[in-house]
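Participant: Please find upload05.txt (compact mmCIF, C-alpha atoms) on the next line:
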# COMPACT_ATOMS: atom_id res chain seq x y z
CA MET A 1 -42.85 6.20 -73.68
CA SER A 2 -42.71 6.12 -69.89
CA ARG A 3 -45.71 7.16 -67.94
CA ALA A 4 -45.34 9.49 -64.93
CA LEU A 5 -46.18 7.91 -61.61
CA PRO A 6 -49.04 9.30 -59.63
CA LYS A 7 -48.12 11.45 -56.64
CA TYR A 8 -49.20 8.88 -54.08
CA ASN A 9 -46.94 6.26 -55.74
CA LYS A 10 -43.94 8.63 -55.45
CA ARG A 11 -44.56 9.00 -51.73
CA ARG A 12 -44.81 5.26 -51.36
CA VAL A 13 -41.51 4.70 -53.16
CA ALA A 14 -39.82 7.31 -50.92
CA ILE A 15 -41.10 5.63 -47.74
CA VAL A 16 -40.04 2.17 -48.89
CA GLY A 17 -36.61 3.48 -49.90
CA GLY A 18 -36.12 5.19 -46.54
CA ALA A 19 -37.06 2.04 -44.65
CA ALA A 20 -34.59 0.01 -46.70
CA ALA A 21 -31.83 2.51 -46.00
CA LEU A 22 -32.60 2.44 -42.28
CA ALA A 23 -32.50 -1.35 -42.25
CA LEU A 24 -29.19 -1.32 -44.10
CA THR A 25 -27.70 1.16 -41.62
CA GLY A 26 -28.83 -1.02 -38.71
CA ALA A 27 -27.24 -4.04 -40.32
CA VAL A 28 -23.95 -2.21 -40.74
CA VAL A 29 -23.97 -1.16 -37.06
CA VAL A 30 -24.76 -4.68 -35.88
CA ASN A 31 -22.15 -6.23 -38.15
CA SER A 32 -19.55 -3.71 -37.02
CA ALA A 33 -20.25 -4.52 -33.37
CA LEU A 34 -20.05 -8.26 -34.07
CA ALA A 35 -16.78 -7.73 -35.91
CA GLY A 36 -15.31 -6.07 -32.80
CA GLU A 37 -15.32 -2.48 -34.00
CA PRO A 38 -15.18 -0.36 -30.84
CA GLY A 39 -18.12 1.91 -30.25
CA LYS A 40 -18.48 4.62 -27.63
CA GLY A 41 -19.46 2.07 -25.01
CA GLY A 42 -16.37 -0.01 -25.77
CA ALA A 43 -14.15 3.02 -25.39
CA ALA A 44 -15.72 3.81 -22.02
CA ASP A 45 -15.13 0.21 -20.89
CA ALA A 46 -11.50 0.44 -21.97
CA ARG A 47 -11.08 3.67 -20.02
CA THR A 48 -12.64 2.08 -16.94
CA LEU A 49 -10.26 -0.88 -17.15
CA ALA A 50 -7.25 1.35 -17.73
CA ALA A 51 -8.03 3.37 -14.62
CA GLY A 52 -7.50 0.39 -12.28
CA PRO A 53 -5.18 1.05 -9.32
CA GLY A 54 -2.73 -1.73 -10.23
CA THR A 55 -1.38 -4.37 -7.87
CA ILE A 56 1.58 -4.49 -5.50
CA ALA A 57 4.32 -6.98 -6.26
CA CYS A 58 6.96 -8.01 -3.71
CA PRO A 59 10.02 -10.29 -3.97
CA ASP A 60 9.44 -13.83 -2.73
CA VAL A 61 11.18 -14.47 0.58
CA ALA A 62 10.48 -18.17 1.12
CA SER A 63 12.45 -19.20 -1.96
CA ARG A 64 15.52 -17.28 -0.77
CA LEU A 65 15.78 -18.88 2.66
CA PRO A 66 18.40 -21.50 3.59
CA ALA A 67 17.41 -24.74 5.29
CA VAL A 68 15.18 -23.83 8.24
CA PRO A 69 15.95 -25.61 11.55
CA ALA A 70 13.04 -27.65 12.86
CA SER A 71 12.88 -25.58 16.03
CA ALA A 72 12.43 -22.39 13.98
CA LYS A 73 10.00 -23.76 11.40
CA ALA A 74 6.77 -22.69 13.11
CA GLU A 75 7.97 -19.12 13.70
CA VAL A 76 9.34 -18.79 10.17
CA GLU A 77 6.10 -20.04 8.63
CA ARG A 78 4.09 -17.66 10.81
CA ASN A 79 6.14 -14.73 9.57
CA LEU A 80 5.98 -15.87 5.94
CA ALA A 81 2.19 -15.91 6.30
CA LEU A 82 2.38 -12.41 7.80
CA LEU A 83 4.30 -11.20 4.74
CA ARG A 84 1.45 -12.42 2.53
CA THR A 85 -1.11 -10.73 4.77
CA GLN A 86 0.81 -7.46 4.59
CA ILE A 87 0.71 -7.53 0.78
CA ASP A 88 -3.03 -8.29 0.78
CA GLU A 89 -3.68 -5.41 3.17
CA ALA A 90 -1.60 -3.04 1.04
CA ASN A 91 -3.51 -4.02 -2.11
CA THR A 92 -6.82 -3.48 -0.32
CA ARG A 93 -5.66 -0.06 0.82
CA LEU A 94 -4.47 0.76 -2.71
CA ALA A 95 -7.95 0.06 -4.08
CA LYS A 96 -9.69 2.03 -1.33
CA THR A 97 -7.56 5.16 -1.73
CA ALA A 98 -7.85 5.54 -5.50
CA GLY A 99 -8.19 9.27 -6.20
CA GLN A 100 -6.52 10.42 -2.99
CA GLY A 101 -3.28 12.20 -2.27
CA GLY A 102 -0.55 13.95 -4.19
CA PRO A 103 2.08 12.64 -6.60
CA ASN A 104 3.87 10.63 -3.90
CA PHE A 105 0.81 9.32 -2.08
CA VAL A 106 1.24 5.66 -3.05
CA GLN A 107 4.92 5.68 -2.10
CA ASN A 108 4.41 7.55 1.17
CA ALA A 109 1.18 5.97 2.39
CA ILE A 110 1.37 2.42 0.99
CA LEU A 111 4.68 1.23 -0.46
CA GLY A 112 6.90 2.91 2.17
CA PRO A 113 4.96 1.59 5.17
CA LEU A 114 4.75 -1.85 3.54
CA LYS A 115 8.54 -1.92 3.17
CA ASP A 116 8.95 -0.99 6.84
CA LYS A 117 6.66 -3.83 7.90
CA ARG A 118 8.48 -6.29 5.66
CA VAL A 119 11.90 -5.24 6.99
CA SER A 120 10.78 -6.07 10.53
CA THR A 121 9.10 -9.34 9.56
CA ILE A 122 12.02 -10.50 7.42
CA ASP A 123 14.38 -9.60 10.26
CA ARG A 124 12.38 -11.82 12.61
CA ILE A 125 12.66 -14.67 10.12
CA ALA A 126 16.44 -14.25 9.91
CA ILE A 127 16.75 -14.08 13.72
CA SER A 128 14.66 -17.24 14.09
CA ILE A 129 16.89 -19.18 11.72
CA GLY A 130 20.05 -17.74 13.27
CA ARG A 131 19.22 -18.99 16.76
CA GLN A 132 19.90 -22.58 15.72
CA GLY A 133 22.07 -22.05 12.67
CA THR A 134 23.72 -19.39 10.53
CA LYS A 135 21.64 -16.23 10.31
CA PRO A 136 20.93 -15.52 6.62
CA GLN A 137 22.31 -12.23 5.35
CA GLY A 138 20.99 -9.81 2.74
CA LEU A 139 17.32 -10.70 3.10
CA ASP A 140 16.44 -7.06 3.76
CA ALA A 141 17.04 -6.47 0.03
CA LEU A 142 13.73 -8.29 -0.50
CA ALA A 143 11.71 -5.81 1.56
CA ALA A 144 10.94 -3.18 -1.09
CA CYS A 145 7.86 -3.73 -3.26
CA THR A 146 6.70 -2.09 -6.47
CA LEU A 147 3.40 -1.08 -7.99
CA GLY A 148 2.73 -3.28 -11.01
CA ALA A 149 1.02 -1.84 -14.09
CA GLY A 150 -2.65 -2.57 -13.73
CA GLY A 151 -3.68 0.63 -15.42
CA ALA A 152 -2.60 4.17 -14.70
CA GLY A 153 -1.21 3.00 -11.37
CA GLY A 154 1.95 1.72 -13.03
CA ALA A 155 3.49 5.18 -12.88
CA ALA A 156 2.15 6.15 -9.50
CA THR A 157 5.46 7.01 -7.91
CA GLN A 158 6.80 8.73 -11.02
CA ALA A 159 4.17 11.45 -11.41
CA PRO A 160 5.86 14.81 -12.00
CA ALA A 161 5.40 17.52 -9.42
CA GLY A 162 2.29 19.56 -10.03
CA GLN A 163 0.33 16.66 -11.48
CA GLY A 164 -2.06 14.31 -9.78
CA ASN A 165 -0.91 10.87 -8.73
CA SER A 166 -1.47 8.74 -11.82
CA GLY A 167 -1.94 5.71 -9.59
CA ASN A 168 -4.78 7.42 -7.78
CA THR A 169 -6.40 9.36 -10.59
CA GLY A 170 -8.70 12.23 -9.80
CA SER A 171 -6.35 13.72 -7.21
CA ALA A 172 -5.51 17.37 -7.31
CA GLY A 173 -1.89 16.27 -6.81
CA GLY A 174 0.69 18.97 -6.40
CA ASN A 175 -1.84 21.77 -6.84
CA GLY A 176 -2.04 22.14 -3.08
CA ASN A 177 -4.39 19.15 -3.04
CA ALA A 178 -7.34 21.27 -4.06
CA GLY A 179 -9.63 18.29 -3.69
CA ASN A 180 -8.92 18.37 0.01
CA ALA A 181 -8.88 22.11 0.58
CA GLY A 182 -9.09 22.94 4.26
CA ASN A 183 -8.39 19.33 5.16
CA ALA A 184 -7.12 18.19 8.52
CA GLY A 185 -4.03 16.61 6.95
CA ASN A 186 -0.49 17.77 7.57
CA THR A 187 -1.37 21.45 7.87
CA GLY A 188 1.17 22.21 10.55
CA VAL A 189 4.37 20.64 11.79
CA GLY A 190 3.76 19.77 15.42
CA THR A 191 5.69 16.95 17.09
CA ILE A 192 5.09 13.25 17.54
CA ALA A 193 4.84 11.93 21.09
CA CYS A 194 5.13 8.23 21.97
CA PRO A 195 4.83 6.38 25.27
CA ASP A 196 8.16 5.60 26.95
CA VAL A 197 9.02 1.91 26.73
CA ALA A 198 12.22 1.75 28.80
CA SER A 199 10.43 2.81 31.98
CA ARG A 200 7.86 0.04 31.56
CA LEU A 201 10.31 -2.83 31.29
CA PRO A 202 11.01 -5.35 34.05
CA ALA A 203 14.56 -6.19 35.07
CA VAL A 204 16.51 -6.99 31.91
CA PRO A 205 18.74 -10.10 32.05
CA ALA A 206 22.42 -9.33 31.40
CA SER A 207 22.44 -11.60 28.34
CA ALA A 208 19.60 -9.58 26.77
CA LYS A 209 20.83 -6.09 27.70
CA ALA A 210 22.72 -5.34 24.49
CA GLU A 211 19.81 -6.36 22.27
CA VAL A 212 17.26 -4.49 24.40
CA ASP A 213 19.41 -1.33 24.40
CA ARG A 214 19.80 -1.57 20.63
CA ASN A 215 16.04 -1.79 20.13
CA LEU A 216 15.34 1.03 22.59
CA ALA A 217 17.71 3.19 20.55
CA LEU A 218 15.85 2.10 17.41
CA LEU A 219 12.57 3.29 18.95
CA ARG A 220 14.09 6.73 19.43
CA THR A 221 15.41 6.73 15.85
CA GLN A 222 11.96 5.83 14.54
CA ILE A 223 10.41 8.80 16.33
CA ASP A 224 13.10 11.13 15.00
CA GLU A 225 12.53 9.86 11.45
CA ALA A 226 8.77 10.30 11.80
CA ASN A 227 9.21 13.89 13.03
CA THR A 228 11.52 14.64 10.10
CA ARG A 229 8.97 13.21 7.68
CA LEU A 230 6.23 15.23 9.38
CA ALA A 231 8.17 18.44 8.79
CA LYS A 232 8.93 17.59 5.16
CA THR A 233 5.34 16.78 4.22
CA VAL A 234 3.58 19.88 5.55
CA GLY A 235 0.68 20.74 3.27
CA GLN A 236 0.46 17.30 1.69
CA GLY A 237 -2.29 14.74 1.67
CA GLY A 238 -5.93 14.44 2.55
CA PRO A 239 -7.70 14.42 5.91
CA ASN A 240 -6.03 11.18 7.01
CA PHE A 241 -2.55 11.80 5.61
CA VAL A 242 -0.68 12.10 8.91
CA GLN A 243 -2.39 9.00 10.31
CA ASN A 244 -1.96 6.94 7.14
CA ALA A 245 1.51 8.03 6.07
CA ILE A 246 3.25 8.78 9.37
CA LEU A 247 1.54 7.69 12.60
CA GLY A 248 0.24 4.36 11.25
CA PRO A 249 3.59 3.23 9.81
CA LEU A 250 5.36 4.43 12.98
CA LYS A 251 3.06 2.28 15.11
CA ASP A 252 3.77 -0.76 12.91
CA LYS A 253 7.53 -0.24 13.33
CA ARG A 254 7.18 0.19 17.08
CA VAL A 255 5.06 -2.96 17.41
CA SER A 256 7.82 -5.00 15.78
CA THR A 257 10.62 -3.36 17.76
CA ILE A 258 8.79 -3.66 21.08
CA ASP A 259 8.05 -7.30 20.28
CA ARG A 260 11.77 -7.95 19.76
CA ILE A 261 12.48 -6.36 23.15
CA ALA A 262 9.92 -8.60 24.86
CA ILE A 263 11.27 -11.70 23.11
CA SER A 264 14.84 -10.82 24.14
CA ILE A 265 13.86 -10.53 27.80
CA GLY A 266 11.70 -13.64 27.62
CA ARG A 267 14.57 -15.86 26.48
CA GLN A 268 16.20 -15.66 29.91
CA GLY A 269 13.24 -14.71 32.08
CA THR A 270 9.54 -13.98 31.97
CA LYS A 271 8.45 -12.32 28.75
CA PRO A 272 6.76 -9.01 29.60
CA GLN A 273 3.14 -8.74 28.51
CA GLY A 274 1.09 -5.79 27.30
CA LEU A 275 3.98 -3.74 25.93
CA ASP A 276 2.24 -3.50 22.55
CA ALA A 277 -0.12 -0.98 24.17
CA LEU A 278 2.83 1.43 24.06
CA ALA A 279 3.18 1.28 20.27
CA ALA A 280 0.67 3.96 19.23
CA CYS A 281 1.86 7.56 19.09
CA THR A 282 0.03 10.88 18.83
CA LEU A 283 0.55 14.20 17.10
CA ASN A 284 0.92 17.21 19.36
CA ARG A 285 0.12 20.46 17.52
Represent the supplied structure as C-alpha cells.

Facilitator:
Amino acid sequence: MSRALPKYNKRRVAIVGGAAALALTGAVVVNSALAGEPGKGGAADARTLAAGPGTIACPDVASRLPAVPASAKAEVERNLALLRTQIDEANTRLAKTAGQGGPNFVQNAILGPLKDKRVSTIDRIAISIGRQGTKPQGLDALAACTLGAGGAGGAATQAPAGQGNSGNTGSAGGNGNAGNAGNAGNTGVGTIACPDVASRLPAVPASAKAEVDRNLALLRTQIDEANTRLAKTVGQGGPNFVQNAILGPLKDKRVSTIDRIAISIGRQGTKPQGLDALAACTLNR
C-alpha cells in the first residue's frame, strides 16, 4: 500500500520537475539554433541583407576593342580607367541614395547619367583609335548599364507607378513623394541656362571647323533635352532631384563635348584652356 507524500515533498517534486522542463526547453532552443533553424534574429538579418541596394554592372569595353595603335595607347588606357571610375562613383551614389526618389529614381539619377558619361568616354576611345587606324564602330552599344540583383534593388527600374522604388526602399514613390513633401525638387518647370561656348572660342582652324560646329550643335541639343526632361519630371524627386538627375548629368555631357571642341582646335593650333568652366548650368525659375 502506497504511502502519501508529505506536502513539503510534493512541493519539492514540483520544483525539481519544473527545473528539468526548463533545462530541456533551453536545450531544444540551443540545439535548434545550432542546427540552423532560423529564429527572429535570423529573419531580421535576412531582411537586412535582402534590402541591399544592389550593384551596377556594365559591359566590358576593353575586351571589345581592336588593336590599339601605340600612339593612342595612353589615351585609351586613361579613358578605360575613367570608365571604371564612373562605375565606382555610380555604385557609391546608389548606396548613398537608398530610400530616396520615386519609381524611376535609379534610372533617372544614376543609370541614365552613367550611360551618358560612358557614351562620351567610349566615343573618345573610338576617336583615339581612329586617328591612326580604323575607328571602331558600334561601341556605343556598350554604354548602357544595369542594376544587378543585390537585394530589392534588382527591380529598381521596374517598380509600378504608385509604388516606391524597390531599389531604394522606404521611398514614398509615386505617392507624390510624401517623404519629401514641400521639397525643393522639381516643383516648377523653369528653364535651364548655360554659358555660351561659341563666343569664348579662339579662331577655329579650317580643318577643325566641321567638328567644332558639330559639337556646338550638340551642346544646344543637350540643353534642349535637359529642358524637356525638366518639364516631364515636374513634381518628382527629393530636394536634390533637379541637381542630381538633370543639371549634374548635363554638366557631365557638356564637359565631354567642350573637351572634344578644345581637342579639335588644339590639333592644328593652340588648345584653348579653361573652357571647362563653362560646363555648369543653372535653373532659372

Participant: At what distance in Å, to one decimal, does CA of Val197 (chain A) lie from CA of Ala280 (chain A)?

Facilitator: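 Computing the Euclidean distance for CA of Ala280 (chain A) and CA of Val197 (chain A) yields 11.4 Å.
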
Participant: Select, from A:Thr92, A:Thr121, A:Thr134, A:Asn108, the residue with the minimum atom-to-atom distance to Val68 (chain A), counting only C-alpha atoms.

Facilitator: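 Ranking A:Thr92, A:Thr121, A:Thr134, A:Asn108 by distance to Val68 (chain A), first place goes to A:Thr134.
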
Participant: Hey, which of A:Ile87, A:Leu139, A:Val106, A:Leu111 ends up closest to Val61 (chain A)? Count all atoms listed in the file.

Facilitator: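 Between A:Ile87, A:Leu139, A:Val106, A:Leu111, the residue approaching Val61 (chain A) most closely is A:Leu139.
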
Participant: Applying 8 Å and all atoms listed in the file, which residues near region 128-132 of chain A remain after dropping the ones on its own chain fewer than 2 positions away? List them as a list in words.

Facilitator: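 Residues meeting the cut-off are Val68, Pro69, Ser71, Ala72, Glu75, Val76, Arg124, Ile125, Ala126, Thr134, Lys135 and Pro136 of chain A.
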
Participant: Which residue out of A:Leu230, A:Leu250, A:Cys281, A:Leu219 has the minimum interatomic distance to Ala198 (chain A) when all atoms listed in the file are used?

Facilitator: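 Selected residue with least distance to Ala198 (chain A): A:Leu219.
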
Participant: What gap, in Å, lies between CA of Ala143 (chain A) and CA of Val119 (chain A)?

Facilitator: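 Separating CA of Ala143 (chain A) from CA of Val119 (chain A) is a distance of 5.5 Å.
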
Participant: Determine the nearest neighbour of Ala81 (chain A) from the options A:Asp60, A:Pro195, A:Ser207, A:Asn215, counting all atoms listed in the file.

Facilitator: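 For Ala81 (chain A), the nearest of the candidates is A:Asp60.
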
Participant: Of the residues A:Cys194, A:Leu65, A:Ile122, A:Val212, which is the one nearest to Leu278 (chain A), using only C-alpha atoms?

Facilitator: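 The closest residue to Leu278 (chain A) is A:Cys194.
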
Participant: To one decimal in Å, tell me the separation between CA of Arg267 (chain A) and CA of Asp213 (chain A).

Facilitator: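 Separation of CA of Arg267 (chain A) and CA of Asp213 (chain A): 15.5 Å.
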
Participant: Taking only C-alpha atoms into account, name the residue in A:Asp252, A:Ser264, A:Arg84, A:Ala279 that is nearest to Lys209 (chain A).

Facilitator: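 Using only C-alpha atoms, Lys209 (chain A) sits closest to A:Ser264.
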
Participant: For Arg229 (chain A), find every residue with an atom within 12 Å (counting only C-alpha atoms), except residues of its own chain fewer than 5 positions away, and show them as a list in words.

Facilitator: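 Those residues are Asn108, Ala109, Gly112, Asn186, Val189, Gly190, Thr191, Ile192, Gln222, Ile223, Asp224, Val234, Gln236, Phe241, Val242, Ala245, Ile246, Leu247, Pro249 and Leu250 of chain A.
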